[in-house]
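Data first, discussion second: the structure below is written as C-alpha coordinates.
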Amino acid sequence: MIVITGGAGFIGSNLAAALEARAGEDIVVCDWLGSDDKWRNIAKRNLAAIVPPEDLMRYLDRNVTSVHVIFHMGAISSTTETDADKLARNNFGLSQDLWAWCASHGKRFIYASSAATYGDGTAGFDDEFSSAALAKLKPLNGYGWSKHLFDRRVAKTIETNGPRPRQWAGLKFFNVYGPNEYHKGNMKSVMAQISPKIAAGEPATLFKSHNPAYPDGGQMRDFVHVDDCVDVMLWLRDTPSVNGLFNMGTGKARSFVDLAKATFAANDKPADIRFVDTPIEIRDKYQYFTEAKMDRLRAAGYAKPFISLEDGVDRYVRGSLRAPDPYR
(Lines give C-alpha, C1' and ligand atoms only; values in the text may rest on other atoms or scores of the structure.)
Protein backbone atom coordinates (compact mmCIF):
# COMPACT_ATOMS: atom_id res chain seq x y z
CA MET A 1 0.00 0.00 0.00
CA ILE A 2 1.20 3.50 -0.91
CA VAL A 3 -0.02 6.58 0.98
CA ILE A 4 0.02 9.96 -0.75
CA THR A 5 -0.62 12.97 1.47
CA GLY A 6 -2.00 15.85 -0.57
CA GLY A 7 -3.08 13.10 -2.96
CA ALA A 8 -6.02 15.10 -4.30
CA GLY A 9 -3.81 18.12 -4.90
CA PHE A 10 -1.83 19.05 -7.96
CA ILE A 11 1.37 17.00 -7.77
CA GLY A 12 -0.13 14.32 -5.55
CA SER A 13 -3.01 13.53 -7.94
CA ASN A 14 -0.63 13.24 -10.89
CA LEU A 15 1.50 10.86 -8.84
CA ALA A 16 -1.59 8.81 -7.97
CA ALA A 17 -2.47 8.52 -11.67
CA ALA A 18 1.03 7.32 -12.55
CA LEU A 19 1.12 4.79 -9.70
CA GLU A 20 -2.29 3.43 -10.67
CA ALA A 21 -1.09 3.02 -14.27
CA ARG A 22 1.56 0.65 -12.96
CA ALA A 23 -1.22 -1.62 -11.65
CA GLY A 24 0.73 -2.30 -8.50
CA GLU A 25 -0.09 -1.58 -4.88
CA ASP A 26 -3.25 -0.08 -3.43
CA ILE A 27 -3.23 3.72 -3.27
CA VAL A 28 -4.46 5.69 -0.27
CA VAL A 29 -5.06 9.43 -0.62
CA CYS A 30 -4.81 11.65 2.44
CA ASP A 31 -6.36 15.06 1.81
CA TRP A 32 -9.21 17.45 2.41
CA LEU A 33 -11.50 17.62 -0.64
CA GLY A 34 -13.53 20.65 0.38
CA SER A 35 -16.61 21.86 -1.46
CA ASP A 36 -15.10 22.88 -4.81
CA ASP A 37 -14.00 20.69 -7.74
CA LYS A 38 -10.78 19.41 -6.17
CA TRP A 39 -12.34 15.93 -6.01
CA ARG A 40 -12.19 15.80 -9.80
CA ASN A 41 -8.41 15.44 -9.55
CA ILE A 42 -8.92 11.90 -8.22
CA ALA A 43 -12.31 11.09 -9.78
CA LYS A 44 -10.76 8.59 -12.22
CA ARG A 45 -8.62 6.80 -9.62
CA ASN A 46 -9.35 3.40 -8.06
CA LEU A 47 -8.43 4.17 -4.45
CA ALA A 48 -8.22 2.00 -1.38
CA ALA A 49 -9.16 4.88 0.94
CA ILE A 50 -9.46 8.65 1.29
CA VAL A 51 -8.23 9.72 4.71
CA PRO A 52 -8.56 13.24 6.16
CA PRO A 53 -5.23 14.55 7.51
CA GLU A 54 -6.47 14.69 11.10
CA ASP A 55 -7.07 10.91 10.97
CA LEU A 56 -3.86 9.98 9.17
CA MET A 57 -1.71 8.88 12.10
CA ARG A 58 -4.47 6.63 13.45
CA TYR A 59 -4.96 5.17 9.97
CA LEU A 60 -1.25 4.42 9.67
CA ASP A 61 -1.16 2.74 13.07
CA ARG A 62 -4.04 0.49 12.01
CA ASN A 63 -2.28 -0.44 8.75
CA VAL A 64 1.36 -0.78 9.78
CA THR A 65 1.95 -4.04 7.92
CA SER A 66 0.28 -2.85 4.70
CA VAL A 67 1.91 0.57 4.20
CA HIS A 68 5.31 0.44 2.49
CA VAL A 69 5.96 4.00 1.39
CA ILE A 70 4.57 7.46 2.14
CA PHE A 71 4.76 10.21 -0.47
CA HIS A 72 4.27 13.35 1.62
CA MET A 73 3.05 15.98 -0.86
CA GLY A 74 0.47 17.59 1.42
CA ALA A 75 1.02 21.12 2.72
CA ILE A 76 -0.45 24.57 3.03
CA SER A 77 1.13 25.67 -0.23
CA SER A 78 0.02 29.28 -0.58
CA THR A 79 3.01 31.63 -0.63
CA THR A 80 0.73 34.39 0.63
CA GLU A 81 -0.51 32.51 3.73
CA THR A 82 0.12 34.68 6.79
CA ASP A 83 -1.04 32.32 9.57
CA ALA A 84 2.35 31.11 10.79
CA ASP A 85 0.80 28.77 13.35
CA LYS A 86 -1.20 27.08 10.59
CA LEU A 87 1.93 26.74 8.45
CA ALA A 88 3.99 25.36 11.33
CA ARG A 89 1.30 22.86 12.33
CA ASN A 90 0.59 21.55 8.82
CA ASN A 91 3.93 21.89 7.04
CA PHE A 92 6.38 21.23 9.88
CA GLY A 93 4.52 19.31 12.57
CA LEU A 94 2.87 16.71 10.34
CA SER A 95 6.12 16.19 8.44
CA GLN A 96 7.91 15.47 11.71
CA ASP A 97 5.19 13.03 12.76
CA LEU A 98 5.39 11.13 9.47
CA TRP A 99 9.19 11.03 9.55
CA ALA A 100 9.08 9.58 13.07
CA TRP A 101 6.42 7.02 12.11
CA CYS A 102 8.38 5.84 9.07
CA ALA A 103 11.60 5.68 11.08
CA SER A 104 9.92 3.68 13.84
CA HIS A 105 8.34 1.18 11.46
CA GLY A 106 11.03 0.88 8.81
CA LYS A 107 9.00 2.50 6.04
CA ARG A 108 10.08 4.67 3.13
CA PHE A 109 9.43 8.42 3.08
CA ILE A 110 9.57 10.76 0.08
CA TYR A 111 8.53 14.33 0.76
CA ALA A 112 7.96 17.68 -0.93
CA SER A 113 10.22 20.58 -0.07
CA SER A 114 10.23 23.74 -2.17
CA ALA A 115 12.41 26.18 -4.07
CA ALA A 116 10.78 28.82 -1.86
CA THR A 117 13.36 27.77 0.74
CA TYR A 118 16.01 29.60 -1.33
CA GLY A 119 14.48 33.02 -0.72
CA ASP A 120 15.68 35.72 -3.11
CA GLY A 121 18.39 33.44 -4.51
CA THR A 122 21.36 35.47 -3.32
CA ALA A 123 22.68 32.35 -1.54
CA GLY A 124 22.38 30.37 -4.77
CA PHE A 125 20.29 27.34 -5.70
CA ASP A 126 22.70 24.59 -4.71
CA ASP A 127 20.93 21.71 -2.95
CA GLU A 128 23.92 20.95 -0.73
CA PHE A 129 22.50 18.99 2.18
CA SER A 130 24.17 20.07 5.39
CA SER A 131 23.08 22.12 8.38
CA ALA A 132 25.72 24.72 7.57
CA ALA A 133 24.58 25.14 3.96
CA LEU A 134 20.88 25.23 4.82
CA ALA A 135 21.48 27.84 7.56
CA LYS A 136 22.58 30.31 4.87
CA LEU A 137 19.18 30.28 3.16
CA LYS A 138 16.61 32.95 4.02
CA PRO A 139 13.08 32.20 2.76
CA LEU A 140 10.99 35.25 1.92
CA ASN A 141 7.61 33.99 3.15
CA GLY A 142 6.03 31.78 5.78
CA TYR A 143 5.46 28.92 3.36
CA GLY A 144 9.15 28.81 2.40
CA TRP A 145 10.16 29.07 6.05
CA SER A 146 7.94 26.14 7.08
CA LYS A 147 9.43 23.92 4.36
CA HIS A 148 12.95 25.06 5.21
CA LEU A 149 12.40 24.31 8.88
CA PHE A 150 11.74 20.66 8.12
CA ASP A 151 14.71 20.39 5.72
CA ARG A 152 16.95 21.71 8.50
CA ARG A 153 15.50 19.27 11.00
CA VAL A 154 16.14 16.37 8.62
CA ALA A 155 19.75 17.53 8.09
CA LYS A 156 20.40 17.66 11.82
CA THR A 157 18.82 14.22 12.30
CA ILE A 158 21.03 12.70 9.62
CA GLU A 159 24.18 14.43 10.87
CA THR A 160 23.61 13.24 14.45
CA ASN A 161 22.72 9.73 13.30
CA GLY A 162 19.18 10.05 14.57
CA PRO A 163 16.28 7.74 13.66
CA ARG A 164 15.46 7.80 9.98
CA PRO A 165 13.12 6.03 7.53
CA ARG A 166 14.36 3.02 5.57
CA GLN A 167 14.58 5.35 2.57
CA TRP A 168 14.17 9.11 2.73
CA ALA A 169 14.26 11.74 0.01
CA GLY A 170 13.11 15.34 -0.23
CA LEU A 171 12.43 17.22 -3.47
CA LYS A 172 12.75 21.00 -3.73
CA PHE A 173 10.08 21.63 -6.35
CA PHE A 174 10.65 24.69 -8.51
CA ASN A 175 7.86 26.18 -10.69
CA VAL A 176 5.74 23.14 -11.45
CA TYR A 177 2.95 23.31 -14.03
CA GLY A 178 0.60 20.81 -15.63
CA PRO A 179 -2.82 19.12 -15.37
CA ASN A 180 -4.91 19.10 -12.18
CA GLU A 181 -3.77 22.45 -10.78
CA TYR A 182 -7.12 24.08 -11.52
CA HIS A 183 -8.27 24.24 -7.88
CA LYS A 184 -5.33 26.44 -6.86
CA GLY A 185 -6.89 29.79 -7.78
CA ASN A 186 -4.29 32.54 -8.08
CA MET A 187 -1.61 30.00 -7.10
CA LYS A 188 -2.04 28.24 -10.46
CA SER A 189 0.82 28.40 -12.93
CA VAL A 190 0.94 31.44 -15.20
CA MET A 191 0.16 29.37 -18.30
CA ALA A 192 -2.99 28.00 -16.63
CA GLN A 193 -4.08 31.55 -15.84
CA ILE A 194 -3.37 33.13 -19.22
CA SER A 195 -4.23 30.29 -21.61
CA PRO A 196 -8.05 30.68 -21.39
CA LYS A 197 -7.70 34.42 -22.03
CA ILE A 198 -5.41 33.80 -24.99
CA ALA A 199 -7.84 31.22 -26.40
CA ALA A 200 -10.58 33.87 -26.15
CA GLY A 201 -8.49 36.34 -28.17
CA GLU A 202 -7.40 38.48 -25.24
CA PRO A 203 -3.84 39.64 -24.48
CA ALA A 204 -1.69 37.97 -21.83
CA THR A 205 -0.93 40.05 -18.76
CA LEU A 206 2.44 39.74 -17.00
CA PHE A 207 4.03 41.67 -14.16
CA LYS A 208 6.30 44.59 -14.87
CA SER A 209 9.83 44.39 -13.53
CA HIS A 210 10.68 46.57 -10.55
CA ASN A 211 14.31 45.51 -10.71
CA PRO A 212 16.55 47.37 -13.19
CA ALA A 213 18.51 44.18 -13.88
CA TYR A 214 15.45 42.59 -15.56
CA PRO A 215 13.19 43.93 -18.32
CA ASP A 216 9.40 43.67 -18.05
CA GLY A 217 8.56 40.00 -18.38
CA GLY A 218 12.23 39.13 -18.16
CA GLN A 219 11.87 37.73 -14.65
CA MET A 220 13.11 34.15 -14.82
CA ARG A 221 11.96 30.86 -13.35
CA ASP A 222 12.86 27.21 -13.64
CA PHE A 223 9.55 25.94 -15.03
CA VAL A 224 9.20 22.17 -14.72
CA HIS A 225 6.37 20.00 -16.04
CA VAL A 226 4.60 17.87 -13.44
CA ASP A 227 5.32 14.78 -15.55
CA ASP A 228 9.04 15.25 -14.89
CA CYS A 229 8.36 15.58 -11.16
CA VAL A 230 6.29 12.39 -11.15
CA ASP A 231 8.93 10.51 -13.12
CA VAL A 232 11.60 11.44 -10.58
CA MET A 233 9.35 10.29 -7.72
CA LEU A 234 8.72 6.98 -9.47
CA TRP A 235 12.47 6.60 -9.96
CA LEU A 236 13.00 7.19 -6.26
CA ARG A 237 10.32 4.57 -5.55
CA ASP A 238 12.22 2.14 -7.78
CA THR A 239 15.64 3.04 -6.35
CA PRO A 240 15.43 2.55 -2.58
CA SER A 241 19.19 3.00 -2.15
CA VAL A 242 18.92 6.73 -2.97
CA ASN A 243 18.55 9.11 -0.02
CA GLY A 244 18.95 12.88 0.16
CA LEU A 245 17.49 16.30 -0.54
CA PHE A 246 17.39 17.15 -4.24
CA ASN A 247 16.33 20.06 -6.43
CA MET A 248 13.40 19.28 -8.72
CA GLY A 249 13.60 21.62 -11.70
CA THR A 250 15.03 21.42 -15.21
CA GLY A 251 18.28 23.27 -14.54
CA LYS A 252 17.40 25.96 -17.10
CA ALA A 253 15.72 29.25 -16.19
CA ARG A 254 13.36 30.81 -18.72
CA SER A 255 11.59 34.16 -18.78
CA PHE A 256 7.89 34.80 -18.34
CA VAL A 257 7.89 36.29 -21.84
CA ASP A 258 9.21 32.95 -23.15
CA LEU A 259 6.41 31.21 -21.28
CA ALA A 260 3.75 33.56 -22.64
CA LYS A 261 4.99 33.18 -26.22
CA ALA A 262 4.90 29.38 -25.86
CA THR A 263 1.33 29.60 -24.53
CA PHE A 264 0.24 31.78 -27.48
CA ALA A 265 1.83 29.28 -29.88
CA ALA A 266 0.06 26.34 -28.22
CA ASN A 267 -3.23 28.22 -28.67
CA ASP A 268 -2.38 29.01 -32.32
CA LYS A 269 -2.53 32.75 -31.61
CA PRO A 270 -0.07 35.59 -32.30
CA ALA A 271 1.66 36.92 -29.19
CA ASP A 272 0.07 39.95 -27.53
CA ILE A 273 1.62 40.67 -24.13
CA ARG A 274 0.73 43.53 -21.76
CA PHE A 275 2.40 44.43 -18.44
CA VAL A 276 0.97 45.54 -15.09
CA ASP A 277 2.62 46.58 -11.84
CA THR A 278 3.55 43.81 -9.42
CA PRO A 279 1.20 44.14 -6.40
CA ILE A 280 2.72 46.13 -3.55
CA GLU A 281 2.01 43.37 -1.03
CA ILE A 282 4.32 40.88 -2.77
CA ARG A 283 6.79 43.26 -4.43
CA ASP A 284 9.44 43.10 -1.70
CA LYS A 285 9.18 39.28 -1.58
CA TYR A 286 9.30 38.72 -5.32
CA GLN A 287 11.92 36.38 -6.78
CA TYR A 288 13.45 37.60 -10.02
CA PHE A 289 15.49 34.50 -10.82
CA THR A 290 15.34 30.81 -9.93
CA GLU A 291 17.30 28.01 -11.54
CA ALA A 292 17.78 24.58 -10.03
CA LYS A 293 21.23 23.06 -9.89
CA MET A 294 20.54 19.47 -10.89
CA ASP A 295 24.01 17.97 -10.40
CA ARG A 296 23.16 16.02 -7.25
CA LEU A 297 20.10 14.30 -8.72
CA ARG A 298 22.10 13.42 -11.84
CA ALA A 299 24.97 12.13 -9.71
CA ALA A 300 22.49 9.97 -7.79
CA GLY A 301 21.62 8.23 -11.05
CA TYR A 302 18.60 9.98 -12.60
CA ALA A 303 19.52 10.26 -16.27
CA LYS A 304 16.36 11.13 -18.25
CA PRO A 305 16.19 14.51 -20.03
CA PHE A 306 13.64 17.05 -18.81
CA ILE A 307 10.81 18.39 -20.97
CA SER A 308 11.60 21.76 -22.58
CA LEU A 309 9.38 24.73 -21.80
CA GLU A 310 7.98 24.87 -25.33
CA ASP A 311 7.21 21.14 -25.45
CA GLY A 312 5.79 21.15 -21.94
CA VAL A 313 3.49 24.11 -22.52
CA ASP A 314 2.30 22.63 -25.81
CA ARG A 315 1.57 19.30 -24.11
CA TYR A 316 -0.30 21.02 -21.29
CA VAL A 317 -2.33 23.46 -23.36
CA ARG A 318 -3.31 21.13 -26.20
CA GLY A 319 -3.64 17.98 -24.11
CA SER A 320 -5.41 19.42 -21.07
CA LEU A 321 -6.34 23.12 -21.02
CA ARG A 322 -7.97 22.94 -24.47
CA ALA A 323 -9.38 19.45 -23.96
CA PRO A 324 -13.06 18.75 -23.16
CA ASP A 325 -11.91 16.99 -19.98
CA PRO A 326 -8.76 18.64 -18.62
CA TYR A 327 -8.32 16.23 -15.68
CA ARG A 328 -5.89 13.34 -15.48
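Each chain of the C-alpha coordinates is named A, B, ... in the order shown, its residues numbered from 1; ligands are numbered from 1 in display order.
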
Hey, what's within 12 Å of A:Pro215 if we count only C-alpha atoms and toss same-chain stuff fewer than 3 positions away? As a list in words, please? Leu206, Phe207, Lys208, Ser209, His210, Asn211, Pro212, Gly218, Gln219, Met220, Ser255, Phe256, Val257, Phe275 and Tyr288 of chain A

Would you give me, as a list of chain:residue names, the residues in stretch 30-62 of chain A that DSSP reads as alpha helix (DSSP H)?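 Filtering stretch 30-62 of chain A to alpha helix (DSSP H) leaves A:Leu56, A:Met57, A:Arg58, A:Tyr59, A:Leu60, A:Asp61, A:Arg62.
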
Between A:Tyr286, A:Tyr111, A:Tyr182, A:Phe10, which residue has the minimum interatomic distance to A:Pro139, considering only C-alpha atoms?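 Ranking A:Tyr286, A:Tyr111, A:Tyr182, A:Phe10 by distance to A:Pro139, first place goes to A:Tyr286.
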
Looking at A:Leu33, A:Val3, A:Ala84, A:Ala115, which one is nearest to A:Ile70, with distances taken over only C-alpha atoms?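 Looking only at the distances to A:Ile70, the closest residue turns out to be A:Val3.
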
Pick the closest to A:Asp277 from A:Asp120, A:Asp83, A:Asp97, A:Asp216: which is it, counting only C-alpha atoms?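 Of the candidates, the smallest distance to A:Asp277 is held by A:Asp216.
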
Residues near A:Ile273, cut-off 6 Å, only C-alpha atoms, skip fewer than 5 positions along chain, as an mmCIF file with C-alpha atoms, in the first residue's frame:
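Final file, result.cif:
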data_model
loop_
_atom_site.group_PDB
_atom_site.id
_atom_site.type_symbol
_atom_site.label_atom_id
_atom_site.label_comp_id
_atom_site.auth_asym_id
_atom_site.auth_seq_id
_atom_site.Cartn_x
_atom_site.Cartn_y
_atom_site.Cartn_z
ATOM 1 C CA PRO A 203 -3.839 39.644 -24.479
ATOM 2 C CA ALA A 204 -1.692 37.966 -21.831
ATOM 3 C CA THR A 205 -0.931 40.050 -18.757
#
